[in-house]
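K.L.:
Pasting entry29.pdb below, which is PDB, C-alpha atoms, pLDDT in the B column.
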ATOM      1  CA  MET A  30       0.000   0.000   0.000  1.00 46.00           C
ATOM      2  CA  LEU A  31       1.280   3.452  -0.831  1.00 42.00           C
ATOM      3  CA  GLY A  32       2.006   5.926   1.886  1.00 34.00           C
ATOM      4  CA  VAL A  33       0.084   9.107   2.566  1.00 27.00           C
ATOM      5  CA  GLY A  34       0.819  11.780  -0.020  1.00 30.00           C
ATOM      6  CA  ILE A  35       1.925   9.367  -2.706  1.00 30.00           C
ATOM      7  CA  ILE A  36      -1.182   7.245  -3.127  1.00 35.00           C
ATOM      8  CA  ILE A  37      -1.723   6.604  -6.832  1.00 37.00           C
ATOM      9  CA  HIS A  38      -5.023   4.908  -7.468  1.00 37.00           C
ATOM     10  CA  PRO A  39      -7.439   7.832  -6.846  1.00 36.00           C
ATOM     11  CA  LEU A  40      -5.252  10.533  -8.404  1.00 35.00           C
ATOM     12  CA  LEU A  41      -6.855  13.116 -10.616  1.00 33.00           C
ATOM     13  CA  LEU A  42      -6.340  12.471 -14.288  1.00 35.00           C
ATOM     14  CA  ALA A  43      -5.193  16.081 -14.423  1.00 32.00           C
ATOM     15  CA  PHE A  44      -1.982  14.810 -12.865  1.00 36.00           C
ATOM     16  CA  ALA A  45      -1.500  11.761 -15.060  1.00 42.00           C
ATOM     17  CA  VAL A  46       0.018  11.249 -18.486  1.00 41.00           C
ATOM     18  CA  SER A  47      -0.683   8.264 -20.736  1.00 44.00           C
ATOM     19  CA  ASN A  48       0.444   7.254 -24.202  1.00 44.00           C
ATOM     20  CA  GLU A  49      -2.908   7.990 -25.798  1.00 43.00           C
ATOM     21  CA  SER A  50      -4.316  11.171 -27.278  1.00 40.00           C
ATOM     22  CA  LEU A  51      -7.516  12.939 -26.365  1.00 42.00           C
ATOM     23  CA  HIS A  52     -10.647  11.248 -27.656  1.00 46.00           C
ATOM     24  CA  ASP A  53     -14.343  11.004 -26.921  1.00 53.00           C
ATOM     25  CA  SER A  54     -15.918   7.543 -26.719  1.00 53.00           C
ATOM     26  CA  SER A  55     -19.119   8.903 -28.265  1.00 54.00           C
ATOM     27  CA  SER A  56     -17.265   8.965 -31.594  1.00 55.00           C
ATOM     28  CA  ILE A  57     -16.132   5.341 -31.297  1.00 61.00           C
ATOM     29  CA  GLU A  58     -18.213   2.635 -32.966  1.00 68.00           C
ATOM     30  CA  MET A  59     -19.254   0.036 -30.414  1.00 65.00           C
ATOM     31  CA  THR A  60     -20.085  -3.623 -30.971  1.00 67.00           C
ATOM     32  CA  ASP A  61     -23.553  -4.731 -29.888  1.00 67.00           C
ATOM     33  CA  GLY A  62     -24.213  -8.023 -28.162  1.00 68.00           C
ATOM     34  CA  VAL A  63     -20.667  -8.816 -27.083  1.00 78.00           C
ATOM     35  CA  GLY A  64     -20.830 -11.775 -24.697  1.00 90.00           C
ATOM     36  CA  ALA A  65     -18.583 -12.363 -21.714  1.00 94.00           C
ATOM     37  CA  GLU A  66     -16.240 -14.653 -23.633  1.00 94.00           C
ATOM     38  CA  GLY A  67     -15.997 -12.132 -26.447  1.00 94.00           C
ATOM     39  CA  VAL A  68     -15.065  -9.383 -24.005  1.00 96.00           C
ATOM     40  CA  ILE A  69     -12.410 -11.542 -22.382  1.00 96.00           C
ATOM     41  CA  SER A  70     -11.020 -12.563 -25.755  1.00 96.00           C
ATOM     42  CA  LYS A  71     -10.664  -8.936 -26.862  1.00 96.00           C
ATOM     43  CA  LEU A  72      -8.891  -7.992 -23.649  1.00 97.00           C
ATOM     44  CA  ARG A  73      -6.490 -10.904 -24.049  1.00 97.00           C
ATOM     45  CA  SER A  74      -5.409  -9.288 -27.301  1.00 96.00           C
ATOM     46  CA  LEU A  75      -3.819  -6.532 -25.226  1.00 96.00           C
ATOM     47  CA  GLY A  76      -0.969  -8.897 -24.477  1.00 97.00           C
ATOM     48  CA  MET A  77       1.344  -8.650 -21.513  1.00 97.00           C
ATOM     49  CA  ASP A  78       4.169  -6.693 -23.094  1.00 96.00           C
ATOM     50  CA  LYS A  79       5.185  -3.407 -21.460  1.00 92.00           C
ATOM     51  CA  LYS A  80       3.571  -0.287 -22.889  1.00 92.00           C
ATOM     52  CA  ASP A  81       5.816   2.392 -21.395  1.00 90.00           C
ATOM     53  CA  LEU A  82       7.170   5.625 -22.773  1.00 84.00           C
ATOM     54  CA  PRO A  83      10.985   5.840 -22.962  1.00 86.00           C
ATOM     55  CA  HIS A  84      11.331   8.134 -19.960  1.00 83.00           C
ATOM     56  CA  HIS A  85       9.274   5.772 -17.774  1.00 87.00           C
ATOM     57  CA  ALA A  86      12.432   3.714 -17.295  1.00 87.00           C
ATOM     58  CA  GLU A  87      13.723   6.447 -15.005  1.00 85.00           C
ATOM     59  CA  LEU A  88      10.647   6.532 -12.787  1.00 88.00           C
ATOM     60  CA  ARG A  89       9.685   4.579  -9.708  1.00 91.00           C
ATOM     61  CA  ARG A  90       7.112   1.924 -10.520  1.00 95.00           C
ATOM     62  CA  ALA A  91       3.672   1.071  -9.192  1.00 94.00           C
ATOM     63  CA  SER A  92       0.801  -1.135 -10.371  1.00 96.00           C
ATOM     64  CA  VAL A  93      -2.949  -1.513  -9.991  1.00 96.00           C
ATOM     65  CA  LEU A  94      -5.037  -4.614 -10.628  1.00 98.00           C
ATOM     66  CA  VAL A  95      -8.235  -4.245 -12.662  1.00 98.00           C
ATOM     67  CA  PRO A  96     -10.135  -7.318 -11.389  1.00 98.00           C
ATOM     68  CA  LEU A  97     -12.735  -8.644 -13.824  1.00 98.00           C
ATOM     69  CA  PHE A  98     -15.185 -11.478 -13.212  1.00 98.00           C
ATOM     70  CA  GLU A  99     -18.361 -12.926 -14.676  1.00 97.00           C
ATOM     71  CA  ARG A 100     -21.853 -12.651 -13.226  1.00 96.00           C
ATOM     72  CA  GLU A 101     -25.007 -14.386 -14.375  1.00 92.00           C
ATOM     73  CA  ASP A 102     -28.336 -12.581 -14.587  1.00 87.00           C
ATOM     74  CA  GLU A 103     -31.752 -14.105 -13.970  1.00 83.00           C
ATOM     75  CA  ASP A 104     -31.753 -15.422 -17.541  1.00 83.00           C
ATOM     76  CA  SER A 105     -28.379 -17.140 -16.996  1.00 85.00           C
ATOM     77  CA  GLU A 106     -26.692 -14.671 -19.330  1.00 91.00           C
ATOM     78  CA  LYS A 107     -23.117 -13.880 -18.295  1.00 94.00           C
ATOM     79  CA  SER A 108     -21.618 -10.409 -18.283  1.00 96.00           C
ATOM     80  CA  VAL A 109     -18.237  -9.104 -17.214  1.00 98.00           C
ATOM     81  CA  HIS A 110     -18.063  -7.003 -14.053  1.00 98.00           C
ATOM     82  CA  VAL A 111     -15.208  -5.046 -12.512  1.00 98.00           C
ATOM     83  CA  LEU A 112     -14.341  -4.966  -8.824  1.00 98.00           C
ATOM     84  CA  PHE A 113     -13.643  -1.643  -7.116  1.00 98.00           C
ATOM     85  CA  THR A 114     -12.649  -0.723  -3.592  1.00 97.00           C
ATOM     86  CA  GLN A 115     -13.325   2.371  -1.519  1.00 97.00           C
ATOM     87  CA  ARG A 116     -10.780   3.846   0.854  1.00 93.00           C
ATOM     88  CA  PRO A 117     -11.817   4.489   4.496  1.00 92.00           C
ATOM     89  CA  GLN A 118     -13.576   7.799   5.005  1.00 87.00           C
ATOM     90  CA  ASN A 119     -11.307   8.731   7.906  1.00 84.00           C
ATOM     91  CA  MET A 120      -8.061   8.471   5.973  1.00 79.00           C
ATOM     92  CA  LYS A 121      -6.160  11.755   5.883  1.00 74.00           C
ATOM     93  CA  SER A 122      -5.341  11.357   2.198  1.00 69.00           C
ATOM     94  CA  HIS A 123      -8.054  10.660  -0.397  1.00 71.00           C
ATOM     95  CA  GLY A 124     -10.495   9.386   2.229  1.00 78.00           C
ATOM     96  CA  GLY A 125     -13.569   7.699   0.767  1.00 89.00           C
ATOM     97  CA  GLU A 126     -12.295   7.642  -2.809  1.00 93.00           C
ATOM     98  CA  VAL A 127     -12.881   4.719  -5.158  1.00 97.00           C
ATOM     99  CA  CYS A 128      -9.855   2.924  -6.553  1.00 94.00           C
ATOM    100  CA  PHE A 129      -8.391  -0.375  -7.714  1.00 97.00           C
ATOM    101  CA  PRO A 130      -6.170  -2.528  -5.508  1.00 96.00           C
ATOM    102  CA  GLY A 131      -2.618  -1.361  -6.062  1.00 94.00           C
ATOM    103  CA  GLY A 132       0.504   0.332  -4.790  1.00 91.00           C
ATOM    104  CA  LYS A 133       4.190   0.931  -5.162  1.00 93.00           C
ATOM    105  CA  GLN A 134       6.526  -1.803  -6.275  1.00 95.00           C
ATOM    106  CA  ASP A 135       8.409  -3.495  -3.436  1.00 95.00           C
ATOM    107  CA  PRO A 136      11.964  -4.843  -3.705  1.00 95.00           C
ATOM    108  CA  ASP A 137      10.547  -8.345  -3.227  1.00 95.00           C
ATOM    109  CA  ASP A 138       8.522  -7.904  -6.433  1.00 96.00           C
ATOM    110  CA  GLY A 139      11.738  -8.185  -8.420  1.00 95.00           C
ATOM    111  CA  GLY A 140      10.773  -5.405 -10.821  1.00 94.00           C
ATOM    112  CA  ASP A 141       7.656  -7.347 -11.907  1.00 96.00           C
ATOM    113  CA  ASP A 142       4.626  -5.069 -12.432  1.00 97.00           C
ATOM    114  CA  VAL A 143       2.242  -8.025 -12.430  1.00 97.00           C
ATOM    115  CA  ARG A 144       3.569  -9.330  -9.129  1.00 98.00           C
ATOM    116  CA  THR A 145       3.066  -5.901  -7.565  1.00 98.00           C
ATOM    117  CA  ALA A 146      -0.567  -5.677  -8.666  1.00 98.00           C
ATOM    118  CA  VAL A 147      -1.442  -9.219  -7.573  1.00 98.00           C
ATOM    119  CA  ARG A 148       0.359  -8.856  -4.239  1.00 98.00           C
ATOM    120  CA  GLU A 149      -1.466  -5.621  -3.436  1.00 97.00           C
ATOM    121  CA  ALA A 150      -4.835  -7.180  -4.284  1.00 98.00           C
ATOM    122  CA  HIS A 151      -4.088 -10.035  -1.913  1.00 98.00           C
ATOM    123  CA  GLU A 152      -3.065  -7.643   0.863  1.00 97.00           C
ATOM    124  CA  GLU A 153      -6.010  -5.273   0.437  1.00 97.00           C
ATOM    125  CA  VAL A 154      -8.997  -7.528  -0.292  1.00 98.00           C
ATOM    126  CA  GLY A 155      -7.732 -11.061   0.322  1.00 97.00           C
ATOM    127  CA  LEU A 156      -7.855 -12.023  -3.359  1.00 97.00           C
ATOM    128  CA  HIS A 157      -5.496 -14.990  -3.567  1.00 96.00           C
ATOM    129  CA  PRO A 158      -3.052 -14.993  -6.516  1.00 97.00           C
ATOM    130  CA  GLN A 159      -4.126 -18.504  -7.540  1.00 97.00           C
ATOM    131  CA  PHE A 160      -7.498 -17.097  -8.587  1.00 98.00           C
ATOM    132  CA  VAL A 161      -6.045 -14.265 -10.703  1.00 98.00           C
ATOM    133  CA  GLU A 162      -5.214 -14.809 -14.362  1.00 98.00           C
ATOM    134  CA  GLU A 163      -3.384 -11.841 -15.838  1.00 98.00           C
ATOM    135  CA  ILE A 164      -4.871 -11.336 -19.304  1.00 98.00           C
ATOM    136  CA  GLY A 165      -3.672  -7.897 -20.359  1.00 97.00           C
ATOM    137  CA  ARG A 166      -1.441  -4.947 -19.597  1.00 97.00           C
ATOM    138  CA  MET A 167      -2.717  -1.432 -20.279  1.00 96.00           C
ATOM    139  CA  GLU A 168      -0.605   1.570 -21.217  1.00 92.00           C
ATOM    140  CA  SER A 169       1.417   2.870 -18.298  1.00 90.00           C
ATOM    141  CA  VAL A 170       0.393   6.170 -16.727  1.00 83.00           C
ATOM    142  CA  GLU A 171       2.746   8.731 -15.224  1.00 79.00           C
ATOM    143  CA  SER A 172       1.535  10.252 -11.952  1.00 73.00           C
ATOM    144  CA  ARG A 173       2.337  13.694 -10.616  1.00 64.00           C
ATOM    145  CA  TYR A 174       4.508  11.982  -8.000  1.00 69.00           C
ATOM    146  CA  SER A 175       6.834  10.682 -10.727  1.00 76.00           C
ATOM    147  CA  LEU A 176       5.500   7.143 -10.525  1.00 83.00           C
ATOM    148  CA  CYS A 177       5.053   4.951 -13.582  1.00 89.00           C
ATOM    149  CA  VAL A 178       1.703   3.274 -12.879  1.00 91.00           C
ATOM    150  CA  THR A 179       0.872   0.083 -14.804  1.00 96.00           C
ATOM    151  CA  PRO A 180      -2.737  -1.216 -14.853  1.00 97.00           C
ATOM    152  CA  ILE A 181      -2.887  -5.020 -15.067  1.00 98.00           C
ATOM    153  CA  VAL A 182      -6.177  -6.549 -16.220  1.00 98.00           C
ATOM    154  CA  GLY A 183      -6.906  -9.703 -14.264  1.00 98.00           C
ATOM    155  CA  LEU A 184      -9.610 -12.323 -14.780  1.00 98.00           C
ATOM    156  CA  ILE A 185     -10.856 -13.822 -11.508  1.00 98.00           C
ATOM    157  CA  ARG A 186     -11.956 -17.464 -11.572  1.00 97.00           C
ATOM    158  CA  PRO A 187     -13.945 -18.892 -10.015  1.00 97.00           C
ATOM    159  CA  SER A 188     -15.996 -15.718 -10.198  1.00 97.00           C
ATOM    160  CA  THR A 189     -17.316 -16.134  -6.680  1.00 96.00           C
ATOM    161  CA  MET A 190     -13.865 -15.262  -5.337  1.00 97.00           C
ATOM    162  CA  ALA A 191     -14.295 -11.688  -6.606  1.00 97.00           C
ATOM    163  CA  GLU A 192     -17.785 -11.143  -5.254  1.00 97.00           C
ATOM    164  CA  PRO A 193     -17.612  -8.294  -2.716  1.00 97.00           C
ATOM    165  CA  SER A 194     -19.412 -10.371  -0.099  1.00 95.00           C
ATOM    166  CA  GLN A 195     -16.692 -13.034  -0.296  1.00 95.00           C
ATOM    167  CA  LEU A 196     -13.690 -10.746   0.130  1.00 97.00           C
ATOM    168  CA  LYS A 197     -11.623 -10.289   3.283  1.00 97.00           C
ATOM    169  CA  LEU A 198     -11.059  -6.555   3.392  1.00 97.00           C
ATOM    170  CA  ASN A 199      -8.042  -5.045   5.101  1.00 96.00           C
ATOM    171  CA  THR A 200      -9.997  -2.423   7.024  1.00 94.00           C
ATOM    172  CA  ASP A 201      -6.920  -0.242   7.451  1.00 93.00           C
ATOM    173  CA  GLU A 202      -6.888   0.296   3.686  1.00 93.00           C
ATOM    174  CA  VAL A 203     -10.359  -0.618   2.404  1.00 96.00           C
ATOM    175  CA  GLU A 204     -13.754   0.398   3.746  1.00 96.00           C
ATOM    176  CA  ALA A 205     -15.963  -1.151   1.089  1.00 97.00           C
ATOM    177  CA  ALA A 206     -15.897  -3.151  -2.129  1.00 98.00           C
ATOM    178  CA  PHE A 207     -18.432  -3.189  -4.943  1.00 98.00           C
ATOM    179  CA  ALA A 208     -18.742  -4.341  -8.536  1.00 98.00           C
ATOM    180  CA  ALA A 209     -20.150  -2.747 -11.671  1.00 98.00           C
ATOM    181  CA  PRO A 210     -20.753  -4.021 -15.213  1.00 97.00           C
ATOM    182  CA  LEU A 211     -17.760  -3.267 -17.417  1.00 98.00           C
ATOM    183  CA  GLU A 212     -20.111  -2.185 -20.200  1.00 96.00           C
ATOM    184  CA  TYR A 213     -21.415   0.621 -17.959  1.00 97.00           C
ATOM    185  CA  PHE A 214     -18.190   2.558 -18.547  1.00 97.00           C
ATOM    186  CA  VAL A 215     -18.357   2.547 -22.324  1.00 94.00           C
ATOM    187  CA  SER A 216     -21.625   4.464 -22.665  1.00 93.00           C
ATOM    188  CA  PRO A 217     -21.315   8.273 -22.703  1.00 93.00           C
ATOM    189  CA  ASP A 218     -24.789   8.438 -21.116  1.00 95.00           C
ATOM    190  CA  ASN A 219     -23.393   6.986 -17.892  1.00 97.00           C
ATOM    191  CA  CYS A 220     -20.691   9.621 -17.555  1.00 96.00           C
ATOM    192  CA  ASP A 221     -21.772  12.331 -15.111  1.00 97.00           C
ATOM    193  CA  SER A 222     -19.194  14.838 -16.333  1.00 96.00           C
ATOM    194  CA  ILE A 223     -16.263  15.155 -18.718  1.00 94.00           C
ATOM    195  CA  THR A 224     -13.652  17.857 -18.333  1.00 91.00           C
ATOM    196  CA  GLU A 225     -10.882  18.564 -20.810  1.00 87.00           C
ATOM    197  CA  VAL A 226      -7.626  18.867 -18.922  1.00 79.00           C
ATOM    198  CA  LYS A 227      -4.315  20.191 -20.163  1.00 71.00           C
ATOM    199  CA  TRP A 228      -1.030  18.666 -19.042  1.00 58.00           C
ATOM    200  CA  GLY A 229       1.728  21.110 -19.874  1.00 45.00           C
ATOM    201  CA  LYS A 230       3.223  20.423 -23.284  1.00 44.00           C
ATOM    202  CA  ARG A 231       2.308  16.742 -23.179  1.00 56.00           C
ATOM    203  CA  GLY A 232      -1.236  16.937 -24.435  1.00 62.00           C
ATOM    204  CA  LYS A 233      -4.888  17.093 -23.389  1.00 71.00           C
ATOM    205  CA  PHE A 234      -7.051  14.520 -21.651  1.00 73.00           C
ATOM    206  CA  LEU A 235     -10.674  13.960 -20.764  1.00 83.00           C
ATOM    207  CA  MET A 236     -11.238  13.629 -17.037  1.00 87.00           C
ATOM    208  CA  ARG A 237     -14.381  11.566 -16.503  1.00 94.00           C
ATOM    209  CA  THR A 238     -16.617  11.208 -13.463  1.00 97.00           C
ATOM    210  CA  TYR A 239     -19.150   8.395 -12.997  1.00 98.00           C
ATOM    211  CA  LEU A 240     -21.795   8.196 -10.266  1.00 98.00           C
ATOM    212  CA  TYR A 241     -22.618   4.500  -9.954  1.00 98.00           C
ATOM    213  CA  ASP A 242     -25.643   3.308  -7.974  1.00 98.00           C
ATOM    214  CA  ASP A 243     -24.740  -0.118  -6.619  1.00 98.00           C
ATOM    215  CA  PRO A 244     -27.903  -2.259  -6.404  1.00 96.00           C
ATOM    216  CA  GLN A 245     -26.364  -4.652  -3.872  1.00 94.00           C
ATOM    217  CA  SER A 246     -25.344  -2.121  -1.227  1.00 95.00           C
ATOM    218  CA  GLY A 247     -27.822   0.612  -2.107  1.00 97.00           C
ATOM    219  CA  CYS A 248     -24.932   3.102  -2.109  1.00 97.00           C
ATOM    220  CA  GLN A 249     -23.809   5.535  -4.774  1.00 97.00           C
ATOM    221  CA  PHE A 250     -20.099   5.563  -5.562  1.00 98.00           C
ATOM    222  CA  LYS A 251     -18.188   8.338  -7.291  1.00 97.00           C
ATOM    223  CA  ILE A 252     -15.607   6.958  -9.717  1.00 97.00           C
ATOM    224  CA  TRP A 253     -13.250   9.549 -11.118  1.00 93.00           C
ATOM    225  CA  GLY A 254      -9.637  10.497 -11.745  1.00 86.00           C
ATOM    226  CA  LEU A 255      -7.131   7.835 -12.682  1.00 86.00           C
ATOM    227  CA  THR A 256      -9.567   5.056 -11.755  1.00 92.00           C
ATOM    228  CA  ALA A 257     -12.215   6.373 -14.161  1.00 94.00           C
ATOM    229  CA  HIS A 258      -9.600   6.875 -16.860  1.00 91.00           C
ATOM    230  CA  VAL A 259      -8.330   3.300 -16.608  1.00 94.00           C
ATOM    231  CA  ILE A 260     -11.717   1.579 -16.489  1.00 97.00           C
ATOM    232  CA  HIS A 261     -13.017   3.659 -19.396  1.00 96.00           C
ATOM    233  CA  GLN A 262     -10.048   2.601 -21.508  1.00 94.00           C
ATOM    234  CA  VAL A 263     -10.534  -1.062 -20.570  1.00 97.00           C
ATOM    235  CA  ALA A 264     -14.228  -0.839 -21.490  1.00 97.00           C
ATOM    236  CA  VAL A 265     -13.505   0.803 -24.831  1.00 95.00           C
ATOM    237  CA  MET A 266     -10.953  -1.890 -25.619  1.00 95.00           C
ATOM    238  CA  ALA A 267     -13.499  -4.589 -24.741  1.00 96.00           C
ATOM    239  CA  PHE A 268     -16.499  -3.223 -26.623  1.00 93.00           C
ATOM    240  CA  ALA A 269     -15.186  -1.081 -29.484  1.00 86.00           C
ATOM    241  CA  ALA A 270     -15.859  -2.488 -32.932  1.00 70.00           C
ATOM    242  CA  LYS A 271     -12.773  -3.298 -34.990  1.00 63.00           C
TER     243      LYS A 271
END
Represent the structure from my file as structure tokens, please.
P.N.:
Amino acid sequence: MLGVGIIIHPLLLAFAVSNESLHDSSSIEMTDGVGAEGVISKLRSLGMDKKDLPHHAELRRASVLVPLFEREDEDSEKSVHVLFTQRPQNMKSHGGEVCFPGGKQDPDDGGDDVRTAVREAHEEVGLHPQFVEEIGRMESVESRYSLCVTPIVGLIRPSTMAEPSQLKLNTDEVEAAFAAPLEYFVSPDNCDSITEVKWGKRGKFLMRTYLYDDPQSGCQFKIWGLTAHVIHQVAVMAFAAK
């Protein structure tokens, strides 16, 4: 877990730099009727090769896990969901913010971004590594704290191991866990606000905010900043038509 003042997962996108240019998902053609296996297959095409910029080699490293799992509806149709966590409200830094499990790379990780993400997920929500299949690596993001943050997409099987009710939360770091359909983050209609943000000479970005009403807990969760940026990109990758 990252220390106070250098926490990465809820950072504002205004303080993050990725390899991609500004774009609006409303202009992207989406594929209708993509099943769970189709979504997983498309995300596997990401591969596990590093997607860093040259100067990232000089930065300290950190990783987040984007935990995906399948849920069945009342008609036995499967859809892919993503697991989020919420930091304790009483934390001095970023209290109550929604994020993914993640943190700075430890020496014991041996420079392995995947190991960092999986280890942090185990420490924060009790998600055992044996249930995590790493299926894709997203583009690395540079934080304002000079951290190179790598999102690792993980498929959780059996799916029950990722259900919020089955997790063992580290209450020092996590107050709540909830899940949302991955497809939710690809529709512009579900985005509460989009702000164009400039980052010096490096480009412009769209900072998104989602207000998700979780039917299981009855709570509304605000998903924004780096977390919203990452999950939006994962959703676009999964549902965009080729």
K.L.:
Mind checking which residues fall within 7 Å of segment 68-80 of chain A, counting only C-alpha atoms, ignoring those fewer than 5 positions away in the same chain, and posting them as a VMD selection string?
P.N.:
chain A and resid 63 164 to 169 266 to 268
K.L.:
Counting only C-alpha atoms, which residue out of A:His110, A:Gly131, A:Ala150, A:Glu101 sits closest to Phe214 of chain A?
P.N.:
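Closest to Phe214 of chain A, using only C-alpha atoms: A:His110.
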K.L.:
Please determine, counting all atoms listed in the file, which residue among A:Gly64, A:Pro96, A:Gly132, A:Pro117 has the shortest atom-to-atom distance to Leu176 of chain A.
P.N.:
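With all atoms listed in the file as the atom set, the closest residue is A:Gly132.
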K.L.:
Applying 12 Å and all atoms listed in the file, which residues near Thr114 of chain A remain after dropping the ones on its own chain fewer than 3 positions away? List them as a PyMOL selection string.
P.N.:
chain A and resi 38-39+93-96+111+117+124-131+150+153-154+191-193+196-200+202-209+250-252+256
K.L.:
When distances are computed from all atoms listed in the file, which of A:Val178, A:Val265, A:Met190, A:His123 shows the smallest separation from Gly155 of chain A?
P.N.:
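Counting all atoms listed in the file, the residue closest to Gly155 of chain A is A:Met190.
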K.L.:
Could you check the closest approach to Ile185 of chain A for each of A:Glu149, A:Tyr239, A:His84, A:Val109 and tell me which residue wins, using only C-alpha atoms?
P.N.:
A:Val109
